[in-house]
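> Structure file input.tsv, TSV, C-alpha atoms and all ligand atoms, is pasted below:
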```tsv
chain	number	residue	atom	x	y	z
A	138	MET	CA	26.86	47.37	59.18
A	139	SER	CA	25.77	48.45	62.65
A	140	ALA	CA	26.41	46.16	65.63
A	141	PRO	CA	23.45	43.93	66.49
A	142	ARG	CA	21.32	45.51	69.19
A	143	ARG	CA	19.30	43.83	71.90
A	144	LEU	CA	15.64	44.01	71.03
A	145	ARG	CA	12.71	44.51	73.34
A	146	LEU	CA	10.44	41.60	72.42
A	147	GLY	CA	6.70	41.13	72.88
A	148	VAL	CA	5.55	37.50	72.63
A	149	LEU	CA	1.91	36.75	71.78
A	150	VAL	CA	0.58	33.36	72.82
A	151	SER	CA	-2.62	31.30	73.02
A	152	GLY	CA	-1.40	27.82	73.89
A	153	THR	CA	1.21	26.04	75.92
A	154	GLY	CA	4.03	28.55	75.53
A	155	ARG	CA	6.84	26.20	74.48
A	156	THR	CA	8.04	28.79	71.98
A	157	LEU	CA	7.93	31.47	74.66
A	158	GLU	CA	10.00	29.29	76.97
A	159	ASN	CA	12.54	28.71	74.22
A	160	PHE	CA	12.90	32.46	73.64
A	161	ALA	CA	13.27	33.13	77.36
A	162	ALA	CA	15.95	30.45	77.74
A	163	LEU	CA	17.95	31.63	74.73
A	164	SER	CA	17.66	35.24	75.84
A	165	ARG	CA	19.04	34.37	79.26
A	166	SER	CA	21.91	32.40	77.80
A	167	GLY	CA	22.79	35.30	75.48
A	168	LEU	CA	22.00	33.39	72.26
A	169	LEU	CA	19.03	35.62	71.43
A	170	ARG	CA	19.67	39.27	70.71
A	171	GLY	CA	16.63	40.37	72.62
A	172	GLU	CA	14.70	40.06	75.83
A	173	VAL	CA	11.05	39.30	76.40
A	174	VAL	CA	9.55	42.40	78.03
A	175	LEU	CA	5.87	41.51	77.60
A	176	VAL	CA	3.73	38.41	77.05
A	177	ILE	CA	0.18	38.80	75.77
A	178	SER	CA	-2.17	35.83	75.77
A	179	SER	CA	-5.42	35.74	73.80
A	180	SER	CA	-6.79	33.32	76.39
A	181	ARG	CA	-7.01	33.70	80.15
A	182	THR	CA	-6.65	29.95	80.61
A	183	ALA	CA	-3.64	29.34	78.34
A	184	TYR	CA	-0.87	27.39	80.03
A	185	ALA	CA	1.52	29.94	78.47
A	186	LEU	CA	0.40	32.43	81.15
A	187	GLU	CA	1.46	30.04	83.92
A	188	ARG	CA	4.69	29.44	82.11
A	189	ALA	CA	5.29	33.20	81.84
A	190	ALA	CA	4.75	33.50	85.60
A	191	LEU	CA	7.21	30.65	86.26
A	192	LEU	CA	9.73	32.40	84.02
A	193	GLY	CA	9.18	35.72	85.83
A	194	LEU	CA	7.96	37.45	82.66
A	195	PRO	CA	5.35	40.23	82.70
A	196	ALA	CA	2.16	38.87	81.15
A	197	LEU	CA	-1.44	39.79	80.58
A	198	ALA	CA	-4.50	38.29	78.90
A	199	LEU	CA	-6.55	40.08	76.25
A	200	ALA	CA	-9.47	37.98	75.04
A	201	PRO	CA	-10.69	39.00	71.56
A	202	ARG	CA	-14.30	38.30	72.57
A	203	SER	CA	-14.21	40.89	75.31
A	204	PHE	CA	-13.70	43.63	72.70
A	205	PRO	CA	-16.47	45.10	70.53
A	206	SER	CA	-14.53	44.40	67.33
A	207	GLU	CA	-11.38	42.81	65.97
A	208	ALA	CA	-10.03	46.31	65.31
A	209	ALA	CA	-10.56	47.29	68.95
A	210	PHE	CA	-8.80	44.12	70.09
A	211	ALA	CA	-5.84	44.79	67.80
A	212	ALA	CA	-5.66	48.42	68.88
A	213	GLU	CA	-5.33	47.34	72.50
A	214	VAL	CA	-2.68	44.72	71.67
A	215	PHE	CA	-0.53	47.29	69.85
A	216	ARG	CA	-1.16	49.92	72.54
A	217	ARG	CA	0.24	47.53	75.14
A	218	LEU	CA	3.23	46.68	72.97
A	219	GLU	CA	3.96	50.35	72.40
A	220	LYS	CA	3.61	51.13	76.09
A	221	GLU	CA	6.41	48.63	76.78
A	222	ARG	CA	8.46	50.06	73.91
A	223	VAL	CA	8.50	46.70	72.13
A	224	ASP	CA	10.68	46.66	69.00
A	225	LEU	CA	9.50	43.35	67.58
A	226	ALA	CA	6.35	41.31	68.27
A	227	LEU	CA	6.55	37.54	67.95
A	228	LEU	CA	3.44	35.45	67.37
A	229	ALA	CA	4.15	32.19	69.18
A	230	GLY	CA	1.18	29.89	68.82
A	231	PHE	CA	-1.14	32.95	68.78
A	232	LEU	CA	-4.49	31.85	67.40
A	233	ALA	CA	-6.34	35.17	67.12
A	234	ARG	CA	-6.27	37.11	63.89
A	235	LEU	CA	-4.37	40.33	64.35
A	236	PRO	CA	-4.76	43.11	61.79
A	237	ILE	CA	-1.36	44.80	61.79
A	238	ALA	CA	-1.44	48.39	63.04
A	239	ARG	CA	0.19	51.32	61.26
A	240	GLY	CA	3.88	51.39	61.92
A	241	TRP	CA	3.97	47.68	62.77
A	242	ARG	CA	4.27	46.15	59.28
A	243	GLY	CA	7.61	44.36	59.23
A	244	ARG	CA	7.72	44.37	63.02
A	245	VAL	CA	5.48	41.36	63.70
A	246	MET	CA	6.79	37.86	62.99
A	247	ASN	CA	5.00	34.52	63.02
A	248	ILE	CA	6.15	30.93	62.86
A	249	HIS	CA	4.06	28.27	61.20
A	250	PRO	CA	4.79	24.54	61.55
A	251	ALA	CA	4.69	23.78	57.82
A	252	LEU	CA	6.19	25.02	54.58
A	253	LEU	CA	3.98	27.95	53.58
A	254	PRO	CA	2.09	28.67	51.42
A	255	GLY	CA	1.04	25.03	51.90
A	256	PHE	CA	-0.85	23.75	54.93
A	257	GLY	CA	-1.55	27.18	56.41
A	258	GLY	CA	-4.42	29.59	56.93
A	259	LYS	CA	-7.49	29.56	59.14
A	260	GLY	CA	-8.02	26.20	60.84
A	261	PHE	CA	-4.47	25.01	60.25
A	262	TYR	CA	-3.10	24.93	63.77
A	263	GLY	CA	-1.78	22.33	66.18
A	264	LEU	CA	-1.89	18.71	65.08
A	265	ARG	CA	-4.30	19.52	62.25
A	266	VAL	CA	-1.38	20.90	60.26
A	267	HIS	CA	0.62	17.69	60.59
A	268	GLU	CA	-2.41	15.49	59.94
A	269	ALA	CA	-2.93	17.36	56.65
A	270	VAL	CA	0.77	16.98	55.79
A	271	ARG	CA	0.57	13.25	56.45
A	272	ALA	CA	-2.65	12.85	54.47
A	273	ALA	CA	-1.12	14.67	51.48
A	274	GLY	CA	1.77	12.20	51.42
A	275	VAL	CA	4.41	14.91	51.03
A	276	LYS	CA	7.96	13.77	51.69
A	277	VAL	CA	9.19	16.94	53.38
A	278	SER	CA	7.62	19.35	55.83
A	279	GLY	CA	9.16	22.01	58.02
A	280	CYS	CA	8.59	25.42	59.48
A	281	THR	CA	8.24	28.91	58.08
A	282	VAL	CA	9.10	32.18	59.80
A	283	HIS	CA	7.47	35.17	58.12
A	284	PHE	CA	6.46	38.75	58.72
A	285	ALA	CA	2.77	38.75	59.58
A	286	ASP	CA	0.17	40.63	57.58
A	287	ASP	CA	-3.60	40.76	58.05
A	288	GLU	CA	-4.23	37.18	56.86
A	289	TYR	CA	-3.60	34.01	58.83
A	290	ASP	CA	-0.16	32.49	58.14
A	291	HIS	CA	0.56	35.02	55.41
A	292	GLY	CA	3.21	37.63	54.68
A	293	PRO	CA	6.80	37.88	53.42
A	294	ILE	CA	8.78	34.71	54.20
A	295	ILE	CA	12.00	35.21	56.17
A	296	LEU	CA	13.28	31.65	56.39
A	297	GLN	CA	12.17	28.05	56.11
A	298	ARG	CA	13.67	24.85	57.49
A	299	THR	CA	12.74	21.38	56.29
A	300	VAL	CA	12.36	17.97	57.89
A	301	PRO	CA	11.86	14.59	56.16
A	302	VAL	CA	8.47	12.91	56.35
A	303	SER	CA	8.24	9.14	55.99
A	304	PHE	CA	5.26	6.92	55.31
A	305	GLU	CA	5.31	5.47	58.84
A	306	ASP	CA	5.25	8.86	60.59
A	307	SER	CA	2.26	9.78	62.74
A	308	ALA	CA	1.13	13.41	62.93
A	309	GLU	CA	2.75	13.51	66.39
A	310	ASP	CA	6.07	12.30	64.96
A	311	ILE	CA	6.03	15.07	62.36
A	312	ALA	CA	5.00	17.66	64.96
A	313	HIS	CA	7.90	16.70	67.19
A	314	ARG	CA	10.44	16.83	64.36
A	315	VAL	CA	9.17	20.18	63.10
A	316	PHE	CA	9.16	21.73	66.57
A	317	GLU	CA	12.81	20.79	67.06
A	318	LYS	CA	13.58	22.84	63.91
A	319	GLU	CA	11.40	25.71	65.14
A	320	LYS	CA	13.55	26.04	68.25
A	321	THR	CA	16.48	27.26	66.16
A	322	ALA	CA	14.68	28.77	63.14
A	323	TYR	CA	12.61	31.38	65.03
A	324	PRO	CA	15.51	32.69	67.15
A	325	GLU	CA	17.67	32.80	64.02
A	326	ALA	CA	15.09	35.04	62.31
A	327	VAL	CA	14.96	37.32	65.37
A	328	ASN	CA	18.76	37.59	65.39
A	329	LEU	CA	18.77	38.44	61.67
A	330	TYR	CA	16.25	41.20	62.37
A	331	ALA	CA	18.35	42.51	65.26
A	332	ALA	CA	21.37	42.56	62.97
A	333	GLU	CA	19.32	44.54	60.39
A	334	ARG	CA	19.93	41.83	57.81
A	335	LEU	CA	16.32	41.50	56.61
A	336	LEU	CA	15.45	43.65	53.63
A	337	HIS	CA	11.91	43.89	52.21
A	338	ALA	CA	11.42	44.18	48.47
A	339	ASP	CA	8.22	43.53	46.50
A	340	GLY	CA	6.62	41.37	49.19
A	341	ARG	CA	9.74	39.27	49.58
A	342	VAL	CA	12.53	39.29	52.14
A	343	GLN	CA	16.18	39.33	51.19
A	344	VAL	CA	18.57	38.04	53.87
A	345	LEU	CA	21.68	40.18	53.65
A	346	PRO	CA	25.04	38.43	54.07
A	401	LIG	C1	4.30	25.98	67.12
A	401	LIG	O1	4.14	24.75	66.49
A	401	LIG	C2	4.19	27.08	66.12
A	401	LIG	O2	4.61	26.70	64.85
A	401	LIG	C3	2.76	27.41	66.14
A	401	LIG	O3	2.37	27.23	67.49
A	401	LIG	C4	3.20	26.25	68.08
A	401	LIG	C5	3.77	26.73	69.35
A	401	LIG	O4	2.79	26.83	70.30
A	401	LIG	N1	2.53	28.71	65.59
A	401	LIG	P1	3.23	26.76	71.84
A	401	LIG	O5	4.51	27.52	71.97
A	401	LIG	O6	3.41	25.31	72.16
A	401	LIG	O7	2.09	27.39	72.59
```
As structure tokens, please, write out the structure in this file.
Ligand code: GRF

Amino acid sequence: MSAPRRLRLGVLVSGTGRTLENFAALSRSGLLRGEVVLVISSSRTAYALERAALLGLPALALAPRSFPSEAAFAAEVFRRLEKERVDLALLAGFLARLPIARGWRGRVMNIHPALLPGFGGKGFYGLRVHEAVRAAGVKVSGCTVHFADDEYDHGPIILQRTVPVSFEDSAEDIAHRVFEKEKTAYPEAVNLYAAERLLHADGRVQVLP
């Protein structure tokens, strides 16, 4: 087994950038085997851009609507990632659909704040996910880290972490509990990738010991 290397990470955001901040903090403390070399926001007004500036991270905005097509938008996203020699792209609250470019399958991860394949797909973002979880009356929820494919919240699952859900919980309560799990689950998946411990087979991911 080769020694874990330090990855060049590209983080794609649309929202507040809490996940980005978590990656930056863990990278600086040496707990993440990678460093954030580029932040791309799908919105010019996302707070994540301000957060990136505060963290001293290089960032830019690419709005899908300013491109003639989704394919043109995706081409520019991957061109920027390649220009910065990004090894692994991390969707971190990124709300635009991103058809995965050639050579990038298995190199783009996403985290979703529920246990996929439930409570995911188009329209399932933010508090809506946790409202749906609450309405369904399920007793556990959690987060899912997966390799992204061309569909929303879809692709080979890397790891999942669960949290209990009780009858009294509000959607905000569930969101808070799930996000606490996300803060360790997503970095753990990145570290497994850096250690070359993620093996793809038949649309599934085997985590090597
Ligand atoms: C997280 O809940 C994650 O599961 C989802 O987006 C949220 C993070 O967004 N994909 P942000 O980091 O607060 O912008």
> Check every protein, DNA and RNA residue against ligand LIG 401 (chain A), keep those with an atom at most 6 Å away (counting all atoms listed in the file), and present them as a PDB file with C-alpha atoms, in the coordinates of the input.

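Result file follows (pocket29.pdb):
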```pdb
ATOM      1  CA  GLY A 152      -1.400  27.820  73.890  1.00  0.00           C
ATOM      2  CA  THR A 153       1.210  26.040  75.920  1.00  0.00           C
ATOM      3  CA  GLY A 154       4.030  28.550  75.530  1.00  0.00           C
ATOM      4  CA  ARG A 155       6.840  26.200  74.480  1.00  0.00           C
ATOM      5  CA  THR A 156       8.040  28.790  71.980  1.00  0.00           C
ATOM      6  CA  LEU A 157       7.930  31.470  74.660  1.00  0.00           C
ATOM      7  CA  ALA A 229       4.150  32.190  69.180  1.00  0.00           C
ATOM      8  CA  GLY A 230       1.180  29.890  68.820  1.00  0.00           C
ATOM      9  CA  ILE A 248       6.150  30.930  62.860  1.00  0.00           C
ATOM     10  CA  HIS A 249       4.060  28.270  61.200  1.00  0.00           C
ATOM     11  CA  PRO A 250       4.790  24.540  61.550  1.00  0.00           C
ATOM     12  CA  PHE A 316       9.160  21.730  66.570  1.00  0.00           C
TER      13      PHE A 316
END
```
> Give the answer as one residue: which of A:Ala198, A:Leu169, A:Val342, A:Leu296 has the shortest atom-to-atom distance to Leu253 of chain A, using only C-alpha atoms?
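Among A:Ala198, A:Leu169, A:Val342, A:Leu296, it is A:Leu296 that comes nearest to Leu253 of chain A.
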> Separation of atom CA of Asp306 of chain A and atom CA of Lys276 of chain A, in Å?
10.5 Å
> Can you tell me how far atom CA of Val270 of chain A sits from atom CA of Tyr184 of chain A, in Å to one decimal?
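So the answer is 26.4 Å.
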> Need the shell around Val277 of chain A: protein/DNA/RNA residues with any atom at most 6 Å away, counting all atoms listed in the file. Skip same-chain ones fewer than 4 positions apart. Format as a PyMOL selection string?
chain A and resi 300-302
> Residues near Leu228 of chain A, anyone? I mean within 12 Å using only C-alpha atoms, not counting same-chain ones fewer than 6 positions away, as a VMD selection string.
chain A and resid 146 to 152 154 156 to 157 160 176 to 179 214 234 to 235 237 244 to 249 282 to 286 289 to 290 323 327
> Of the candidates A:Ala233, A:Ile311, A:Ile295, A:Ala273, which one gets nearest to Arg202 of chain A if we count all atoms listed in the file?
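Under the stated criterion, the closest residue is A:Ala233.
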> One decimal, in Å: what's the spacing between atom CA of Ala196 of chain A and atom CA of Gly243 of chain A?
23.2 Å
> I need the residue nearest Leu252 of chain A from this list: A:Cys280, A:Ala208, A:Leu218, A:Ala322. Use all atoms listed in the file for the distance.
A:Cys280
> Which is closer to Gly263 of chain A than all the others in A:Ala338, A:Val315, A:Ala200, A:Ala189, using all atoms listed in the file?
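Checking each of A:Ala338, A:Val315, A:Ala200, A:Ala189 against Gly263 of chain A, counting all atoms listed in the file, the winner is A:Val315.
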> In terms of the shortest atom-to-atom distance over all atoms listed in the file, which of A:Arg170, A:Lys259, A:His313, A:Arg188 is closest to Glu158 of chain A?
A:Arg188
